[in-house]
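Novice: upload.pdb is reproduced below (PDB, C-alpha atoms).
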```pdb
ATOM      1  CA  MET A1365     -36.932  -3.137  -2.783
ATOM      2  CA  ASN A1366     -37.071  -5.102  -6.006
ATOM      3  CA  LEU A1367     -34.089  -7.040  -7.358
ATOM      4  CA  ASN A1368     -33.050  -4.231  -9.706
ATOM      5  CA  GLU A1369     -32.897  -1.775  -6.809
ATOM      6  CA  ILE A1370     -30.948  -4.258  -4.680
ATOM      7  CA  ALA A1371     -28.534  -4.796  -7.596
ATOM      8  CA  GLU A1372     -27.951  -1.033  -7.735
ATOM      9  CA  THR A1373     -27.165  -1.029  -4.015
ATOM     10  CA  ILE A1374     -24.766  -3.950  -4.395
ATOM     11  CA  GLU A1375     -23.097  -2.044  -7.227
ATOM     12  CA  ALA A1376     -22.633   1.027  -5.034
ATOM     13  CA  VAL A1377     -21.289  -1.007  -2.102
ATOM     14  CA  LEU A1378     -18.750  -2.819  -4.289
ATOM     15  CA  PHE A1379     -17.604   0.486  -5.762
ATOM     16  CA  VAL A1380     -17.073   2.111  -2.369
ATOM     17  CA  ALA A1381     -15.561  -0.998  -0.743
ATOM     18  CA  GLY A1382     -12.816  -1.417  -3.330
ATOM     19  CA  GLU A1383     -12.308  -4.988  -2.109
ATOM     20  CA  GLY A1384     -14.213  -8.229  -1.784
ATOM     21  CA  VAL A1385     -17.504  -8.073   0.148
ATOM     22  CA  ASP A1386     -18.940 -11.211   1.731
ATOM     23  CA  ILE A1387     -22.015 -12.382  -0.156
ATOM     24  CA  ASP A1388     -23.734 -13.295   3.114
ATOM     25  CA  GLU A1389     -23.715  -9.610   4.088
ATOM     26  CA  PHE A1390     -26.002  -8.825   1.163
ATOM     27  CA  LYS A1391     -28.180 -11.899   1.625
ATOM     28  CA  SER A1392     -28.661 -11.133   5.308
ATOM     29  CA  ARG A1393     -29.317  -7.433   4.763
ATOM     30  CA  TYR A1394     -32.018  -8.037   2.155
ATOM     31  CA  GLU A1395     -33.182 -11.458   3.374
ATOM     32  CA  MET A1396     -32.357 -13.081   0.043
ATOM     33  CA  ASN A1397     -31.705 -16.707  -0.820
ATOM     34  CA  ASP A1398     -28.972 -17.858  -3.188
ATOM     35  CA  ARG A1399     -31.253 -17.743  -6.239
ATOM     36  CA  GLU A1400     -32.327 -14.151  -5.578
ATOM     37  CA  PHE A1401     -28.792 -12.963  -4.951
ATOM     38  CA  ASN A1402     -27.559 -14.641  -8.134
ATOM     39  CA  LYS A1403     -30.278 -12.829 -10.075
ATOM     40  CA  CYS A1404     -28.990  -9.518  -8.700
ATOM     41  CA  LEU A1405     -25.479 -10.509  -9.664
ATOM     42  CA  ASP A1406     -26.609 -11.466 -13.161
ATOM     43  CA  ILE A1407     -28.081  -7.986 -13.568
ATOM     44  CA  LEU A1408     -24.685  -6.470 -12.739
ATOM     45  CA  LYS A1409     -22.765  -8.951 -14.884
ATOM     46  CA  GLN A1410     -24.860  -7.958 -17.886
ATOM     47  CA  LYS A1411     -23.826  -4.353 -17.302
ATOM     48  CA  TYR A1412     -20.194  -5.156 -16.517
ATOM     49  CA  ASN A1413     -19.613  -7.729 -19.261
ATOM     50  CA  GLU A1414     -16.507  -8.673 -21.242
ATOM     51  CA  THR A1415     -16.741  -5.461 -23.293
ATOM     52  CA  SER A1416     -16.721  -3.268 -20.169
ATOM     53  CA  GLY A1417     -13.609  -1.882 -18.538
ATOM     54  CA  ILE A1418     -14.862  -3.217 -15.203
ATOM     55  CA  ASN A1419     -15.808  -6.819 -14.422
ATOM     56  CA  ILE A1420     -17.206  -8.628 -11.398
ATOM     57  CA  ILE A1421     -15.472 -11.621  -9.838
ATOM     58  CA  GLN A1422     -16.533 -14.111  -7.152
ATOM     59  CA  TYR A1423     -14.151 -15.940  -4.812
ATOM     60  CA  LYS A1424     -14.371 -17.489  -1.358
ATOM     61  CA  ASN A1425     -18.011 -16.456  -0.997
ATOM     62  CA  LYS A1426     -17.085 -12.849  -1.816
ATOM     63  CA  VAL A1427     -17.874 -10.586  -4.737
ATOM     64  CA  GLN A1428     -15.710  -7.721  -5.987
ATOM     65  CA  PHE A1429     -15.179  -5.268  -8.838
ATOM     66  CA  CYS A1430     -12.015  -5.774 -10.884
ATOM     67  CA  SER A1431     -10.566  -4.383 -14.093
ATOM     68  CA  ASN A1432     -11.051  -6.203 -17.376
ATOM     69  CA  PRO A1433      -8.044  -8.562 -17.791
ATOM     70  CA  LYS A1434      -7.798  -7.542 -21.453
ATOM     71  CA  LEU A1435      -6.797  -4.051 -20.331
ATOM     72  CA  ALA A1436      -4.084  -5.171 -17.890
ATOM     73  CA  ASP A1437      -1.118  -4.027 -20.013
ATOM     74  CA  THR A1438      -2.629  -0.624 -20.751
ATOM     75  CA  ILE A1439      -3.538  -0.093 -17.100
ATOM     76  CA  ALA A1440      -0.002  -0.996 -16.030
ATOM     77  CA  GLU A1441       1.545   1.409 -18.559
ATOM     78  CA  ILE A1442      -0.493   4.285 -17.148
ATOM     79  CA  LEU A1443      -0.587   3.495 -13.427
ATOM     80  CA  ASN A1444       2.876   2.050 -12.728
ATOM     81  CA  PRO A1445       4.752   5.346 -13.321
ATOM     82  CA  ILE A1446       2.203   7.192 -11.132
ATOM     83  CA  ARG A1447       2.464   4.538  -8.425
ATOM     84  CA  GLU A1448       6.252   4.633  -8.535
ATOM     85  CA  ARG A1449       6.376   8.419  -8.138
ATOM     86  CA  ASN A1450       3.953   8.335  -5.221
ATOM     87  CA  LEU A1451       5.739   5.507  -3.447
ATOM     88  CA  THR A1452       9.131   7.122  -3.924
ATOM     89  CA  ARG A1453       7.988  10.452  -2.503
ATOM     90  CA  ALA A1454       6.480   8.635   0.469
ATOM     91  CA  ALA A1455       9.686   6.649   0.933
ATOM     92  CA  LEU A1456      11.848   9.773   0.979
ATOM     93  CA  GLU A1457       9.577  11.425   3.522
ATOM     94  CA  THR A1458       9.624   8.242   5.616
ATOM     95  CA  VAL A1459      13.415   7.994   5.638
ATOM     96  CA  ALA A1460      13.604  11.573   6.912
ATOM     97  CA  VAL A1461      11.375  10.654   9.862
ATOM     98  CA  ILE A1462      13.460   7.566  10.593
ATOM     99  CA  ALA A1463      16.727   9.509  10.358
ATOM    100  CA  TYR A1464      15.692  11.946  13.092
ATOM    101  CA  LYS A1465      13.626   9.678  15.314
ATOM    102  CA  GLN A1466      15.560   6.390  15.163
ATOM    103  CA  PRO A1467      15.224   3.834  16.518
ATOM    104  CA  ILE A1468      11.532   4.026  15.687
ATOM    105  CA  THR A1469       8.694   1.552  15.133
ATOM    106  CA  ARG A1470       6.417   1.315  12.117
ATOM    107  CA  SER A1471       3.404   2.540  14.118
ATOM    108  CA  GLU A1472       5.372   5.543  15.397
ATOM    109  CA  ILE A1473       6.371   6.434  11.821
ATOM    110  CA  GLU A1474       2.755   6.137  10.710
ATOM    111  CA  TYR A1475       1.615   8.318  13.622
ATOM    112  CA  ILE A1476       4.025  11.063  12.575
ATOM    113  CA  ARG A1477       3.217  10.851   8.846
ATOM    114  CA  GLY A1478      -0.488  10.174   9.331
ATOM    115  CA  VAL A1479      -0.573   7.438   6.686
ATOM    116  CA  ASN A1480       0.200   3.741   6.309
ATOM    117  CA  CYS A1481       3.932   3.196   5.722
ATOM    118  CA  ASP A1482       4.145  -0.477   4.724
ATOM    119  CA  TYR A1483       5.280   0.210   1.161
ATOM    120  CA  PRO A1484       7.736   3.025   1.948
ATOM    121  CA  ILE A1485       9.425   0.940   4.643
ATOM    122  CA  GLN A1486       9.719  -2.089   2.368
ATOM    123  CA  LEU A1487      11.016   0.155  -0.405
ATOM    124  CA  LEU A1488      13.664   1.688   1.844
ATOM    125  CA  GLN A1489      14.755  -1.734   3.092
ATOM    126  CA  SER A1490      15.069  -3.133  -0.418
ATOM    127  CA  ASN A1491      17.336  -0.194  -1.300
ATOM    128  CA  ASN A1492      19.403  -0.626   1.886
ATOM    129  CA  LEU A1493      18.598   2.813   3.288
ATOM    130  CA  ILE A1494      17.060   1.517   6.517
ATOM    131  CA  GLU A1495      17.349  -1.702   8.509
ATOM    132  CA  VAL A1496      15.873  -3.449  11.517
ATOM    133  CA  VAL A1497      17.965  -2.542  14.550
ATOM    134  CA  GLY A1498      16.036  -4.381  17.269
ATOM    135  CA  ARG A1499      12.651  -4.669  18.933
ATOM    136  CA  LYS A1500      10.979  -2.197  21.253
ATOM    137  CA  ASP A1501      10.400  -3.376  24.817
ATOM    138  CA  SER A1502       6.637  -2.946  24.676
ATOM    139  CA  ILE A1503       3.521  -4.979  23.946
ATOM    140  CA  GLY A1504       4.034  -7.057  20.820
ATOM    141  CA  LYS A1505       7.770  -6.305  20.680
ATOM    142  CA  PRO A1506       7.455  -4.231  17.451
ATOM    143  CA  LEU A1507      10.464  -3.933  15.162
ATOM    144  CA  LEU A1508      12.670  -0.862  15.459
ATOM    145  CA  PHE A1509      14.071   0.760  12.320
ATOM    146  CA  GLY A1510      17.187   2.846  11.812
ATOM    147  CA  THR A1511      19.213   4.188   8.898
ATOM    148  CA  THR A1512      22.130   2.312   7.314
ATOM    149  CA  GLU A1513      25.648   3.262   6.233
ATOM    150  CA  ASN A1514      24.275   3.422   2.711
ATOM    151  CA  PHE A1515      21.904   6.166   3.860
ATOM    152  CA  LEU A1516      24.894   8.214   5.006
ATOM    153  CA  LYS A1517      26.634   7.697   1.664
ATOM    154  CA  ARG A1518      23.535   8.650  -0.296
ATOM    155  CA  PHE A1519      23.165  11.923   1.604
ATOM    156  CA  GLU A1520      26.921  12.545   1.801
ATOM    157  CA  LEU A1521      27.060  12.456   5.587
ATOM    158  CA  LYS A1522      29.996  11.198   7.659
ATOM    159  CA  ASN A1523      27.708  10.313  10.552
ATOM    160  CA  LEU A1524      24.253  11.077  11.931
ATOM    161  CA  GLU A1525      25.606  14.029  13.870
ATOM    162  CA  GLU A1526      26.023  15.785  10.504
ATOM    163  CA  LEU A1527      22.319  15.639   9.746
ATOM    164  CA  PRO A1528      21.037  19.106   8.806
ATOM    165  CA  ASP A1529      18.014  20.407  10.612
ATOM    166  CA  TYR A1530      14.799  18.633   9.732
ATOM    167  CA  ASN A1531      13.474  21.266   7.323
ATOM    168  CA  ALA A1532      16.795  21.426   5.492
ATOM    169  CA  LEU A1533      16.777  17.654   4.997
ATOM    170  CA  LEU A1534      13.214  17.791   3.672
ATOM    171  CA  ASP A1535      14.294  20.516   1.240
ATOM    172  CA  ARG A1536      17.131  18.298   0.066
ATOM    173  CA  ILE A1537      14.724  15.405  -0.374
ATOM    174  CA  ARG A1538      12.373  17.580  -2.420
ATOM    175  CA  VAL A1539      15.251  18.574  -4.702
ATOM    176  CA  ILE A1540      16.260  14.943  -5.143
ATOM    177  CA  HIS A1541      12.673  14.021  -5.981
ATOM    178  CA  SER A1542      12.101  16.870  -8.429
ATOM    179  CA  GLU A1543      15.413  16.439 -10.271
ATOM    180  CA  GLY A1544      15.137  12.682 -10.634
ATOM    181  CA  ASP A1545      18.424  11.946  -8.870
ATOM    182  CA  SER A1546      19.751   8.382  -8.949
ATOM    183  CA  LEU A1547      18.261   7.839  -5.494
ATOM    184  CA  TYR A1548      14.866   8.309  -7.116
ATOM    185  CA  ARG A1549      15.541   6.274 -10.244
ATOM    186  CA  GLU A1550      16.976   3.259  -8.463
ATOM    187  CA  PHE A1551      13.917   2.626  -6.340
ATOM    188  CA  THR A1552      12.048  -0.500  -7.350
ATOM    189  CA  ILE A1553       8.447  -1.349  -6.547
ATOM    190  CA  PRO A1554       8.124  -4.296  -4.122
ATOM    191  CA  ASP A1555       5.444  -6.941  -4.150
ATOM    192  CA  GLU A1556       2.439  -6.078  -2.038
ATOM    193  CA  VAL A1557       2.251  -7.371   1.508
ATOM    194  CA  ASP A1558      -1.021  -8.545   2.993
ATOM    195  CA  ASP A1559      -0.654  -7.118   6.485
ATOM    196  CA  ASP A1560       1.705  -5.896   9.171
ATOM    197  CA  SER A1561       2.352  -9.377  10.500
ATOM    198  CA  GLN A1562       3.681 -10.550   7.138
ATOM    199  CA  SER A1563       5.819  -7.450   6.846
ATOM    200  CA  ASP A1564       7.222  -7.941  10.334
ATOM    201  CA  GLN A1565       7.930 -11.599   9.633
ATOM    202  CA  LYS A1566       9.825 -10.701   6.463
ATOM    203  CA  ASP A1567      11.756  -8.044   8.364
ATOM    204  CA  LEU A1568      12.625 -10.512  11.110
ATOM    205  CA  ASN A1569      13.709 -13.141   8.596
ATOM    206  CA  ASP A1570      15.990 -10.599   6.948
ATOM    207  CA  THR A1571      17.691  -9.862  10.260
ATOM    208  CA  GLN A1572      18.287 -13.555  10.872
ATOM    209  CA  LYS A1573      20.097 -14.180   7.548
TER     210      LYS A1573
END
```
For this file, produce the structure as structure tokens.
Specialist:
Amino acid sequence: MNLNEIAETIEAVLFVAGEGVDIDEFKSRYEMNDREFNKCLDILKQKYNETSGINIIQYKNKVQFCSNPKLADTIAEILNPIRERNLTRAALETVAVIAYKQPITRSEIEYIRGVNCDYPIQLLQSNNLIEVVGRKDSIGKPLLFGTTENFLKRFELKNLEELPDYNALLDRIRVIHSEGDSLYREFTIPDEVDDDSQSDQKDLNDTQK
């Protein structure tokens, strides 16, 4: 393969990866030295220049696609409302699982929902709808989550025994989501967390305050 063809492959890999890819992976795969790799990168940088909506960045021996910084405000105006709606729907579905299965671990919630639940759990905690209630006696001692008194107030329940059947609660959640009830509007978007260990550490710190 010539350098133009390798550059096209690098372009495709970066697009699919969606995150930083170690430069050494490319150099090893195509037996390139630094000069040859930089030539490939220059080819891509000419295509994705300052007038393009997509740029290429290098950091810690990695290379990655990113959006043009000049478009940051416009991107935020379009994506933030979409992101908020998606996160809120996920949070409401997550709190339903926790309500019926508590105490429950993050991995158990994710197994039931079939998706990562880092954001929904953090969102629910920040709005005082769930809390850490202990640790499961298993490998790693994962945190256990349960609902709070505020959850009962939000859903107008005297206690957990008054929970409707699961499908009825989901129907109520869908109504809340579609009508834009205050439960929906008051959700705020948390900062991203890097991994489960950081999330668990934050959760543990919160319980120790």
Novice: Pick from A:Tyr1423, A:Phe1519, A:Tyr1483, A:Phe1429: nearest to Leu1378 in chain A, with only C-alpha atoms counted?
Specialist: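 Among the listed residues, A:Phe1429 lies closest to Leu1378 in chain A.
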Novice: Need to verify the contact set: range 1460-1467 of chain A, 9 Å, all atoms listed in the file, exclusion of same-chain residues closer than 4 positions in sequence. Can you return it as a PyMOL selection string?
Specialist: chain A and resi 1455-1456+1473+1476-1477+1494+1496-1498+1500+1508-1511+1515+1524+1527+1530+1533-1534+1537
Novice: What's the separation between CA of Lys1409 in chain A and CA of Ile1442 in chain A, in Å to one decimal place?
Specialist: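 Computed distance, CA of Lys1409 in chain A to CA of Ile1442 in chain A, equals 26.0 Å.
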Novice: May I ask for the distance between CA of Glu1513 in chain A and CA of Glu1457 in chain A, given in Å to one decimal place?
Specialist: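 Atom-to-atom, CA of Glu1513 in chain A and CA of Glu1457 in chain A are spaced 18.2 Å apart.
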Novice: For the structure shown, which residues end up in the PyMOL selection byres ((chain A and resi 1388-1394) around 9)? Put them as a PDB file with C-alpha atoms, in the coordinates of the input, please?
Specialist:
```pdb
ATOM      1  CA  MET A1365     -36.932  -3.137  -2.783  1.00  0.00           C
ATOM      2  CA  ILE A1370     -30.948  -4.258  -4.680  1.00  0.00           C
ATOM      3  CA  ILE A1374     -24.766  -3.950  -4.395  1.00  0.00           C
ATOM      4  CA  VAL A1385     -17.504  -8.073   0.148  1.00  0.00           C
ATOM      5  CA  ASP A1386     -18.940 -11.211   1.731  1.00  0.00           C
ATOM      6  CA  ILE A1387     -22.015 -12.382  -0.156  1.00  0.00           C
ATOM      7  CA  GLU A1395     -33.182 -11.458   3.374  1.00  0.00           C
ATOM      8  CA  MET A1396     -32.357 -13.081   0.043  1.00  0.00           C
ATOM      9  CA  ASN A1397     -31.705 -16.707  -0.820  1.00  0.00           C
ATOM     10  CA  ASP A1398     -28.972 -17.858  -3.188  1.00  0.00           C
ATOM     11  CA  GLU A1400     -32.327 -14.151  -5.578  1.00  0.00           C
ATOM     12  CA  PHE A1401     -28.792 -12.963  -4.951  1.00  0.00           C
ATOM     13  CA  ASN A1425     -18.011 -16.456  -0.997  1.00  0.00           C
ATOM     14  CA  LYS A1426     -17.085 -12.849  -1.816  1.00  0.00           C
TER      15      LYS A1426
END
```
Novice: Report the distance between CA of Asn1419 in chain A and CA of Pro1433 in chain A in Å, rounded to one decimal place.
Specialist: 8.6 Å
Novice: Near range 1416-1418 of chain A, counting all atoms listed in the file, which residues have an atom at most 9 Å away, once you skip same-chain residues fewer than 6 positions from it, shown as a ChimeraX atom specification?
Specialist: /A:1429-1435
Novice: Restricting the calculation to all atoms listed in the file, which member of A:Asp1437, A:Leu1405, A:Tyr1412, A:Arg1399 is positioned closest to Ala1371 in chain A?
Specialist: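 The closest residue to Ala1371 in chain A is A:Leu1405.
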Novice: Which of these residues is nearest to Asp1482 in chain A, using all atoms listed in the file: A:Lys1505, A:Arg1470, A:Lys1411, A:Lys1517?
Specialist: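 Using all atoms listed in the file, Asp1482 in chain A sits closest to A:Arg1470.
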Novice: Rank nothing, just name the residue among A:Pro1506, A:Ile1407, A:Val1380, A:Asn1444 nearest to Leu1367 in chain A, using all atoms listed in the file.
Specialist: A:Ile1407
